[in-house]
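Asker: Shown below is the structure under consideration.
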Amino acid sequence: MPDITKQQELNTLRTSTFYVAIVYSLLIISAKAYSVAGTTVPISAELATSIAGDLFPVTVKLSKGNLFLTEPVVLFLNKGRIGMQVRFQAYDHRPAQGIAISEMGRAVFSGKIGYDPGTRQILLHEPRIDKLEFDQKNDVTQRFLAQLKEAWSMQVTNPIRAGLPPHPYLLPFKDNIQDLSYDGKNINLTLSYE
């Protein structure tokens, strides 16, 4: 008798394992079918600011001097545009010539967001400078303004391309992003698990 009971227990265990495997397979198949259709993950302005922060600080070369960008804040604007406000320091440090100039200010630039899944790059279409102000107005800041505008026209492409930041929020699905869009309230990542 004990052998029959052990055999029944083994059969029950096999049957239970078989049912668990079927349920698990159905869950995976349904999740994949749902994801193939396009899962959307929203990103708030606050989270976008945190993600953008992983790319900063940034240094931009000017004709004479450099521009050091910090403190990014993502702004959700109207008409499908997303902006970024940054604090900047424009400086020209050439000790051999006795030059040490530094001026601070704020800038806002904006554009329409997109994504290139082939290169896994974030795109900013129709980029423009919306605001560029130094904390002080003087001859030095006027020269820096001219250099900044020249650097923008020479270095900025349409679209601006940037790699995905190595932010922990993006890491789980960075290989599955198909598109980025902006709906006026959130940036939306469209994912696909094909």
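Going through the structure tokens in order, the chains are called A, B, and so on, while each chain numbers its residues from 1 and the ligands are numbered from 1 in the order shown.
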Which polymer residues have any atom within 12 Å of an atom of stretch 176-178 of chain A, counting only C-alpha atoms, with same-chain residues fewer than 5 positions away left out, as number ranges by chain?
Answerer: A: 35-41, 114-122, 164, 170-171, 188-194
Asker: Would you mind listing what lies within 10 Å of stretch 152-161 of chain A as a list in words, with only C-alpha atoms counted and same-chain residues fewer than 2 positions away left out?
Answerer: Val60, Lys61, Leu62, Gly111, Lys112, Ile113, Gly114, Tyr115, Asp116, Thr119, Arg120, Gln121, Ile122, Leu123, Leu124, His125, Glu126, Pro127, Arg128, Ile129, Ala146, Gln147, Leu148, Lys149, Glu150, Gly163 and Leu164 of chain A
Asker: Write out as a list in words the residues lying within 8 Å of A:Gly65, counting only C-alpha atoms and excluding same-chain residues fewer than 4 positions away.
Answerer: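 Using only C-alpha atoms, the neighbours found are Lys61, Ala90, Tyr91, Asp92 and His93 of chain A.
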Asker: Between atom CA of A:Ile99 and atom CA of A:Lys137, what is the distance, to one decimal in Å?
Answerer: 19.0 Å
Asker: Closest to A:Asp54 among A:Thr70, A:Asn186, A:Asn78, A:Gln89, using only C-alpha atoms?
Answerer: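 Comparing A:Thr70, A:Asn186, A:Asn78, A:Gln89 against A:Asp54, the winner is A:Thr70.
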Asker: Hey, what's within 10 Å of A:Val58 if we count only C-alpha atoms and toss same-chain stuff fewer than 5 positions away? As an MDAnalysis selection string, please?
Answerer: chainID A and resid 67:70 88
Asker: Mind dumping the selected residues with N, CA and C atoms as a PDB file, in the first residue's frame?
Answerer:
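Final output, again.pdb:
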ATOM      1  N   LEU A  67      31.849  76.972 -22.012  1.00  0.00           N
ATOM      2  CA  LEU A  67      30.558  77.136 -21.364  1.00  0.00           C
ATOM      3  C   LEU A  67      30.335  75.881 -20.528  1.00  0.00           C
ATOM      4  N   PHE A  68      30.137  76.053 -19.240  1.00  0.00           N
ATOM      5  CA  PHE A  68      29.951  74.942 -18.315  1.00  0.00           C
ATOM      6  C   PHE A  68      28.479  74.936 -17.897  1.00  0.00           C
ATOM      7  N   LEU A  69      27.730  73.878 -18.254  1.00  0.00           N
ATOM      8  CA  LEU A  69      26.293  73.789 -17.984  1.00  0.00           C
ATOM      9  C   LEU A  69      26.020  72.871 -16.803  1.00  0.00           C
ATOM     10  N   THR A  70      25.157  73.320 -15.887  1.00  0.00           N
ATOM     11  CA  THR A  70      24.778  72.540 -14.704  1.00  0.00           C
ATOM     12  C   THR A  70      23.303  72.771 -14.389  1.00  0.00           C
ATOM     13  N   PHE A  88      24.499  78.265 -16.264  1.00  0.00           N
ATOM     14  CA  PHE A  88      25.761  78.155 -16.979  1.00  0.00           C
ATOM     15  C   PHE A  88      26.806  79.104 -16.425  1.00  0.00           C
TER      16      PHE A  88
END
Asker: Quick one: residues within 8 Å of A:Leu75, only C-alpha atoms, excluding same-chain residues fewer than 5 positions away - as a ChimeraX atom specification?
Answerer: /A:45,82-85
Asker: Next, dump the selected residues to file, keeping only all heavy atoms, as a PDB file, in the first residue's frame.
Answerer:
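Saved as out05.pdb:
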ATOM      1  N   ALA A  45       7.776  65.431 -15.473  1.00  0.00           N
ATOM      2  CA  ALA A  45       8.821  66.457 -15.605  1.00  0.00           C
ATOM      3  C   ALA A  45       9.878  66.281 -14.516  1.00  0.00           C
ATOM      4  O   ALA A  45      11.073  66.433 -14.767  1.00  0.00           O
ATOM      5  CB  ALA A  45       8.203  67.847 -15.536  1.00  0.00           C
ATOM      6  N   ILE A  82       9.303  70.545 -25.513  1.00  0.00           N
ATOM      7  CA  ILE A  82       9.891  70.295 -24.201  1.00  0.00           C
ATOM      8  C   ILE A  82      11.104  71.204 -24.080  1.00  0.00           C
ATOM      9  O   ILE A  82      11.874  71.347 -25.030  1.00  0.00           O
ATOM     10  CB  ILE A  82      10.311  68.816 -24.071  1.00  0.00           C
ATOM     11  CG1 ILE A  82       9.083  67.935 -24.073  1.00  0.00           C
ATOM     12  CG2 ILE A  82      11.134  68.592 -22.815  1.00  0.00           C
ATOM     13  CD1 ILE A  82       9.396  66.476 -24.055  1.00  0.00           C
ATOM     14  N   GLY A  83      11.266  71.814 -22.921  1.00  0.00           N
ATOM     15  CA  GLY A  83      12.394  72.710 -22.719  1.00  0.00           C
ATOM     16  C   GLY A  83      13.332  72.194 -21.641  1.00  0.00           C
ATOM     17  O   GLY A  83      12.975  71.305 -20.862  1.00  0.00           O
ATOM     18  N   MET A  84      14.511  72.757 -21.620  1.00  0.00           N
ATOM     19  CA  MET A  84      15.445  72.469 -20.543  1.00  0.00           C
ATOM     20  C   MET A  84      16.084  73.787 -20.120  1.00  0.00           C
ATOM     21  O   MET A  84      16.609  74.521 -20.943  1.00  0.00           O
ATOM     22  CB  MET A  84      16.528  71.486 -20.954  1.00  0.00           C
ATOM     23  CG  MET A  84      17.466  71.185 -19.791  1.00  0.00           C
ATOM     24  SD  MET A  84      18.635  69.870 -20.098  1.00  0.00           S
ATOM     25  CE  MET A  84      17.563  68.479 -20.291  1.00  0.00           C
ATOM     26  N   GLN A  85      15.957  74.055 -18.832  1.00  0.00           N
ATOM     27  CA  GLN A  85      16.617  75.223 -18.259  1.00  0.00           C
ATOM     28  C   GLN A  85      17.914  74.756 -17.627  1.00  0.00           C
ATOM     29  O   GLN A  85      17.947  73.705 -16.981  1.00  0.00           O
ATOM     30  CB  GLN A  85      15.726  75.851 -17.191  1.00  0.00           C
ATOM     31  CG  GLN A  85      16.379  77.017 -16.476  1.00  0.00           C
ATOM     32  CD  GLN A  85      15.460  77.592 -15.428  1.00  0.00           C
ATOM     33  OE1 GLN A  85      14.443  78.168 -15.754  1.00  0.00           O
ATOM     34  NE2 GLN A  85      15.834  77.418 -14.172  1.00  0.00           N
TER      35      GLN A  85
END
Asker: In stretch 36-192 of chain A, what's strand (DSSP E) per DSSP? Answer as JSON, numbers by chain?
Answerer: {"A": [39, 40, 41, 42, 43, 58, 59, 60, 61, 66, 67, 68, 69, 70, 71, 72, 73, 74, 75, 76, 81, 82, 83, 84, 85, 86, 87, 88, 89, 90, 91, 92, 93, 94, 99, 100, 101, 102, 103, 104, 105, 106, 107, 108, 109, 110, 111, 112, 113, 114, 115, 116, 121, 122, 123, 124, 125, 126, 127, 128, 129, 130, 131, 132, 133, 134, 160, 161, 162, 163, 177, 178, 179, 180, 181, 182, 187, 188, 189, 190, 191]}
Asker: Would you work out the distance separating atom CA of A:Gln142 from atom CA of A:Phe56, expressed in Å to one decimal?
Answerer: 25.4 Å
Asker: Just want the 12 Å neighbourhood of A:Tyr169, counted on only C-alpha atoms, with same-chain residues fewer than 3 positions away dropped. Output as a PDB file with all heavy atoms, in the first residue's frame.
Answerer:
ATOM      1  N   VAL A  41       5.215  53.805 -21.057  1.00  0.00           N
ATOM      2  CA  VAL A  41       5.699  54.133 -19.718  1.00  0.00           C
ATOM      3  C   VAL A  41       5.802  55.651 -19.629  1.00  0.00           C
ATOM      4  O   VAL A  41       6.577  56.265 -20.369  1.00  0.00           O
ATOM      5  CB  VAL A  41       7.082  53.488 -19.454  1.00  0.00           C
ATOM      6  CG1 VAL A  41       7.610  53.879 -18.094  1.00  0.00           C
ATOM      7  CG2 VAL A  41       7.011  51.977 -19.609  1.00  0.00           C
ATOM      8  N   PRO A  42       5.023  56.283 -18.732  1.00  0.00           N
ATOM      9  CA  PRO A  42       5.065  57.747 -18.621  1.00  0.00           C
ATOM     10  C   PRO A  42       6.249  58.229 -17.778  1.00  0.00           C
ATOM     11  O   PRO A  42       6.673  57.562 -16.839  1.00  0.00           O
ATOM     12  CB  PRO A  42       3.743  58.079 -17.926  1.00  0.00           C
ATOM     13  CG  PRO A  42       3.444  56.867 -17.108  1.00  0.00           C
ATOM     14  CD  PRO A  42       3.993  55.689 -17.878  1.00  0.00           C
ATOM     15  N   ILE A  43       6.759  59.403 -18.133  1.00  0.00           N
ATOM     16  CA  ILE A  43       7.838  60.046 -17.383  1.00  0.00           C
ATOM     17  C   ILE A  43       7.393  61.474 -17.079  1.00  0.00           C
ATOM     18  O   ILE A  43       7.138  62.258 -17.999  1.00  0.00           O
ATOM     19  CB  ILE A  43       9.153  60.049 -18.185  1.00  0.00           C
ATOM     20  CG1 ILE A  43       9.607  58.613 -18.448  1.00  0.00           C
ATOM     21  CG2 ILE A  43      10.231  60.836 -17.467  1.00  0.00           C
ATOM     22  CD1 ILE A  43      10.848  58.503 -19.307  1.00  0.00           C
ATOM     23  N   SER A  44       7.324  61.817 -15.811  1.00  0.00           N
ATOM     24  CA  SER A  44       6.925  63.160 -15.383  1.00  0.00           C
ATOM     25  C   SER A  44       8.074  64.143 -15.597  1.00  0.00           C
ATOM     26  O   SER A  44       9.220  63.745 -15.825  1.00  0.00           O
ATOM     27  CB  SER A  44       6.535  63.137 -13.904  1.00  0.00           C
ATOM     28  OG  SER A  44       7.683  62.859 -13.120  1.00  0.00           O
ATOM     29  N   LEU A  47      10.750  63.438 -12.952  1.00  0.00           N
ATOM     30  CA  LEU A  47      11.580  62.285 -13.274  1.00  0.00           C
ATOM     31  C   LEU A  47      12.489  62.589 -14.466  1.00  0.00           C
ATOM     32  O   LEU A  47      13.660  62.200 -14.485  1.00  0.00           O
ATOM     33  CB  LEU A  47      10.714  61.056 -13.552  1.00  0.00           C
ATOM     34  CG  LEU A  47      11.464  59.772 -13.904  1.00  0.00           C
ATOM     35  CD1 LEU A  47      12.477  59.386 -12.828  1.00  0.00           C
ATOM     36  CD2 LEU A  47      10.467  58.632 -14.131  1.00  0.00           C
ATOM     37  N   ALA A  48      11.966  63.309 -15.471  1.00  0.00           N
ATOM     38  CA  ALA A  48      12.777  63.678 -16.637  1.00  0.00           C
ATOM     39  C   ALA A  48      13.972  64.541 -16.205  1.00  0.00           C
ATOM     40  O   ALA A  48      15.081  64.388 -16.727  1.00  0.00           O
ATOM     41  CB  ALA A  48      11.926  64.413 -17.663  1.00  0.00           C
ATOM     42  N   SER A  50      15.452  64.393 -13.280  1.00  0.00           N
ATOM     43  CA  SER A  50      16.390  63.466 -12.632  1.00  0.00           C
ATOM     44  C   SER A  50      17.183  62.680 -13.671  1.00  0.00           C
ATOM     45  O   SER A  50      18.401  62.507 -13.543  1.00  0.00           O
ATOM     46  CB  SER A  50      15.626  62.508 -11.714  1.00  0.00           C
ATOM     47  OG  SER A  50      16.474  61.516 -11.202  1.00  0.00           O
ATOM     48  N   ILE A  51      16.505  62.208 -14.714  1.00  0.00           N
ATOM     49  CA  ILE A  51      17.168  61.444 -15.776  1.00  0.00           C
ATOM     50  C   ILE A  51      18.171  62.330 -16.521  1.00  0.00           C
ATOM     51  O   ILE A  51      19.303  61.930 -16.779  1.00  0.00           O
ATOM     52  CB  ILE A  51      16.130  60.833 -16.736  1.00  0.00           C
ATOM     53  CG1 ILE A  51      15.324  59.743 -16.008  1.00  0.00           C
ATOM     54  CG2 ILE A  51      16.795  60.280 -17.987  1.00  0.00           C
ATOM     55  CD1 ILE A  51      14.104  59.243 -16.771  1.00  0.00           C
ATOM     56  N   ALA A  52      17.765  63.555 -16.862  1.00  0.00           N
ATOM     57  CA  ALA A  52      18.654  64.480 -17.581  1.00  0.00           C
ATOM     58  C   ALA A  52      19.884  64.807 -16.750  1.00  0.00           C
ATOM     59  O   ALA A  52      20.977  65.007 -17.287  1.00  0.00           O
ATOM     60  CB  ALA A  52      17.904  65.763 -17.938  1.00  0.00           C
ATOM     61  N   ASP A  54      21.719  62.979 -15.164  1.00  0.00           N
ATOM     62  CA  ASP A  54      22.800  62.009 -15.360  1.00  0.00           C
ATOM     63  C   ASP A  54      23.753  62.400 -16.488  1.00  0.00           C
ATOM     64  O   ASP A  54      24.840  61.837 -16.605  1.00  0.00           O
ATOM     65  CB  ASP A  54      22.223  60.613 -15.635  1.00  0.00           C
ATOM     66  CG  ASP A  54      21.673  59.947 -14.391  1.00  0.00           C
ATOM     67  OD1 ASP A  54      21.821  60.516 -13.280  1.00  0.00           O
ATOM     68  OD2 ASP A  54      21.087  58.865 -14.507  1.00  0.00           O
ATOM     69  N   LEU A 164      21.024  57.635 -24.584  1.00  0.00           N
ATOM     70  CA  LEU A 164      20.176  57.428 -23.410  1.00  0.00           C
ATOM     71  C   LEU A 164      21.004  57.571 -22.143  1.00  0.00           C
ATOM     72  O   LEU A 164      22.065  56.953 -22.031  1.00  0.00           O
ATOM     73  CB  LEU A 164      19.558  56.029 -23.433  1.00  0.00           C
ATOM     74  CG  LEU A 164      18.349  55.835 -24.316  1.00  0.00           C
ATOM     75  CD1 LEU A 164      18.003  54.354 -24.403  1.00  0.00           C
ATOM     76  CD2 LEU A 164      17.157  56.612 -23.802  1.00  0.00           C
ATOM     77  N   PRO A 165      20.548  58.356 -21.198  1.00  0.00           N
ATOM     78  CA  PRO A 165      21.286  58.474 -19.937  1.00  0.00           C
ATOM     79  C   PRO A 165      21.291  57.141 -19.192  1.00  0.00           C
ATOM     80  O   PRO A 165      20.325  56.379 -19.266  1.00  0.00           O
ATOM     81  CB  PRO A 165      20.488  59.523 -19.148  1.00  0.00           C
ATOM     82  CG  PRO A 165      19.674  60.243 -20.165  1.00  0.00           C
ATOM     83  CD  PRO A 165      19.393  59.247 -21.252  1.00  0.00           C
ATOM     84  N   PRO A 166      22.342  56.849 -18.439  1.00  0.00           N
ATOM     85  CA  PRO A 166      22.425  55.585 -17.696  1.00  0.00           C
ATOM     86  C   PRO A 166      21.650  55.654 -16.379  1.00  0.00           C
ATOM     87  O   PRO A 166      22.158  55.314 -15.323  1.00  0.00           O
ATOM     88  CB  PRO A 166      23.930  55.432 -17.459  1.00  0.00           C
ATOM     89  CG  PRO A 166      24.412  56.844 -17.363  1.00  0.00           C
ATOM     90  CD  PRO A 166      23.569  57.633 -18.335  1.00  0.00           C
ATOM     91  N   PRO A 172      16.044  49.009 -17.114  1.00  0.00           N
ATOM     92  CA  PRO A 172      15.326  47.753 -17.370  1.00  0.00           C
ATOM     93  C   PRO A 172      14.762  47.616 -18.785  1.00  0.00           C
ATOM     94  O   PRO A 172      14.607  46.516 -19.275  1.00  0.00           O
ATOM     95  CB  PRO A 172      14.179  47.773 -16.345  1.00  0.00           C
ATOM     96  CG  PRO A 172      14.616  48.715 -15.289  1.00  0.00           C
ATOM     97  CD  PRO A 172      15.484  49.731 -15.966  1.00  0.00           C
ATOM     98  N   PHE A 173      14.444  48.722 -19.437  1.00  0.00           N
ATOM     99  CA  PHE A 173      13.853  48.609 -20.771  1.00  0.00           C
ATOM    100  C   PHE A 173      14.570  49.429 -21.835  1.00  0.00           C
ATOM    101  O   PHE A 173      14.024  49.715 -22.888  1.00  0.00           O
ATOM    102  CB  PHE A 173      12.362  48.978 -20.757  1.00  0.00           C
ATOM    103  CG  PHE A 173      11.970  50.018 -19.769  1.00  0.00           C
ATOM    104  CD1 PHE A 173      12.251  51.346 -19.970  1.00  0.00           C
ATOM    105  CD2 PHE A 173      11.297  49.649 -18.623  1.00  0.00           C
ATOM    106  CE1 PHE A 173      11.867  52.302 -19.053  1.00  0.00           C
ATOM    107  CE2 PHE A 173      10.906  50.605 -17.702  1.00  0.00           C
ATOM    108  CZ  PHE A 173      11.193  51.924 -17.907  1.00  0.00           C
ATOM    109  N   LYS A 174      15.834  49.780 -21.597  1.00  0.00           N
ATOM    110  CA  LYS A 174      16.568  50.594 -22.571  1.00  0.00           C
ATOM    111  C   LYS A 174      16.687  49.924 -23.939  1.00  0.00           C
ATOM    112  O   LYS A 174      16.718  50.604 -24.954  1.00  0.00           O
ATOM    113  CB  LYS A 174      17.942  50.976 -22.039  1.00  0.00           C
ATOM    114  CG  LYS A 174      18.909  49.824 -21.922  1.00  0.00           C
ATOM    115  CD  LYS A 174      20.255  50.293 -21.377  1.00  0.00           C
ATOM    116  CE  LYS A 174      21.156  49.123 -21.180  1.00  0.00           C
ATOM    117  NZ  LYS A 174      22.050  48.860 -22.271  1.00  0.00           N
ATOM    118  N   LEU A 189       7.406  56.735 -23.070  1.00  0.00           N
ATOM    119  CA  LEU A 189       8.271  55.762 -23.727  1.00  0.00           C
ATOM    120  C   LEU A 189       7.359  54.678 -24.288  1.00  0.00           C
ATOM    121  O   LEU A 189       6.560  54.115 -23.553  1.00  0.00           O
ATOM    122  CB  LEU A 189       9.219  55.092 -22.732  1.00  0.00           C
ATOM    123  CG  LEU A 189      10.205  55.953 -21.967  1.00  0.00           C
ATOM    124  CD1 LEU A 189      10.953  55.084 -20.957  1.00  0.00           C
ATOM    125  CD2 LEU A 189      11.183  56.587 -22.906  1.00  0.00           C
TER     126      LEU A 189
END
Asker: Between A:Gln97, A:Ser102, A:Thr49, A:Ser110, which residue has the minimum interatomic distance to A:Leu77, considering only C-alpha atoms?
Answerer: A:Ser110
Asker: Please measure the separation of atom CA of A:Lys64 and atom CA of A:Thr141, giving the value in Å to one decimal.
Answerer: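 Here the two named atoms are 12.7 Å from each other.
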Asker: For A:Gly80, work out the shell of residues within 8 Å, counting only C-alpha atoms and skipping chain neighbours fewer than 5 positions away, then give it as a compact mmCIF listing (two decimals) with N, CA, C and O atoms, in the first residue's frame.
Answerer:
# COMPACT_ATOMS: atom_id res chain seq x y z
N LYS A 112 11.18 69.62 -30.07
CA LYS A 112 10.18 68.55 -30.09
C LYS A 112 10.91 67.22 -29.96
O LYS A 112 11.82 66.94 -30.73
N TYR A 182 5.57 63.21 -26.48
CA TYR A 182 5.17 64.14 -25.42
C TYR A 182 3.70 64.47 -25.63
O TYR A 182 3.30 64.90 -26.71
N ASP A 183 2.89 64.25 -24.59
CA ASP A 183 1.45 64.46 -24.72
C ASP A 183 0.95 65.71 -24.00
O ASP A 183 -0.24 65.92 -23.84
N GLY A 184 1.86 66.57 -23.56
CA GLY A 184 1.48 67.77 -22.83
C GLY A 184 1.53 67.59 -21.33
O GLY A 184 1.55 68.57 -20.59
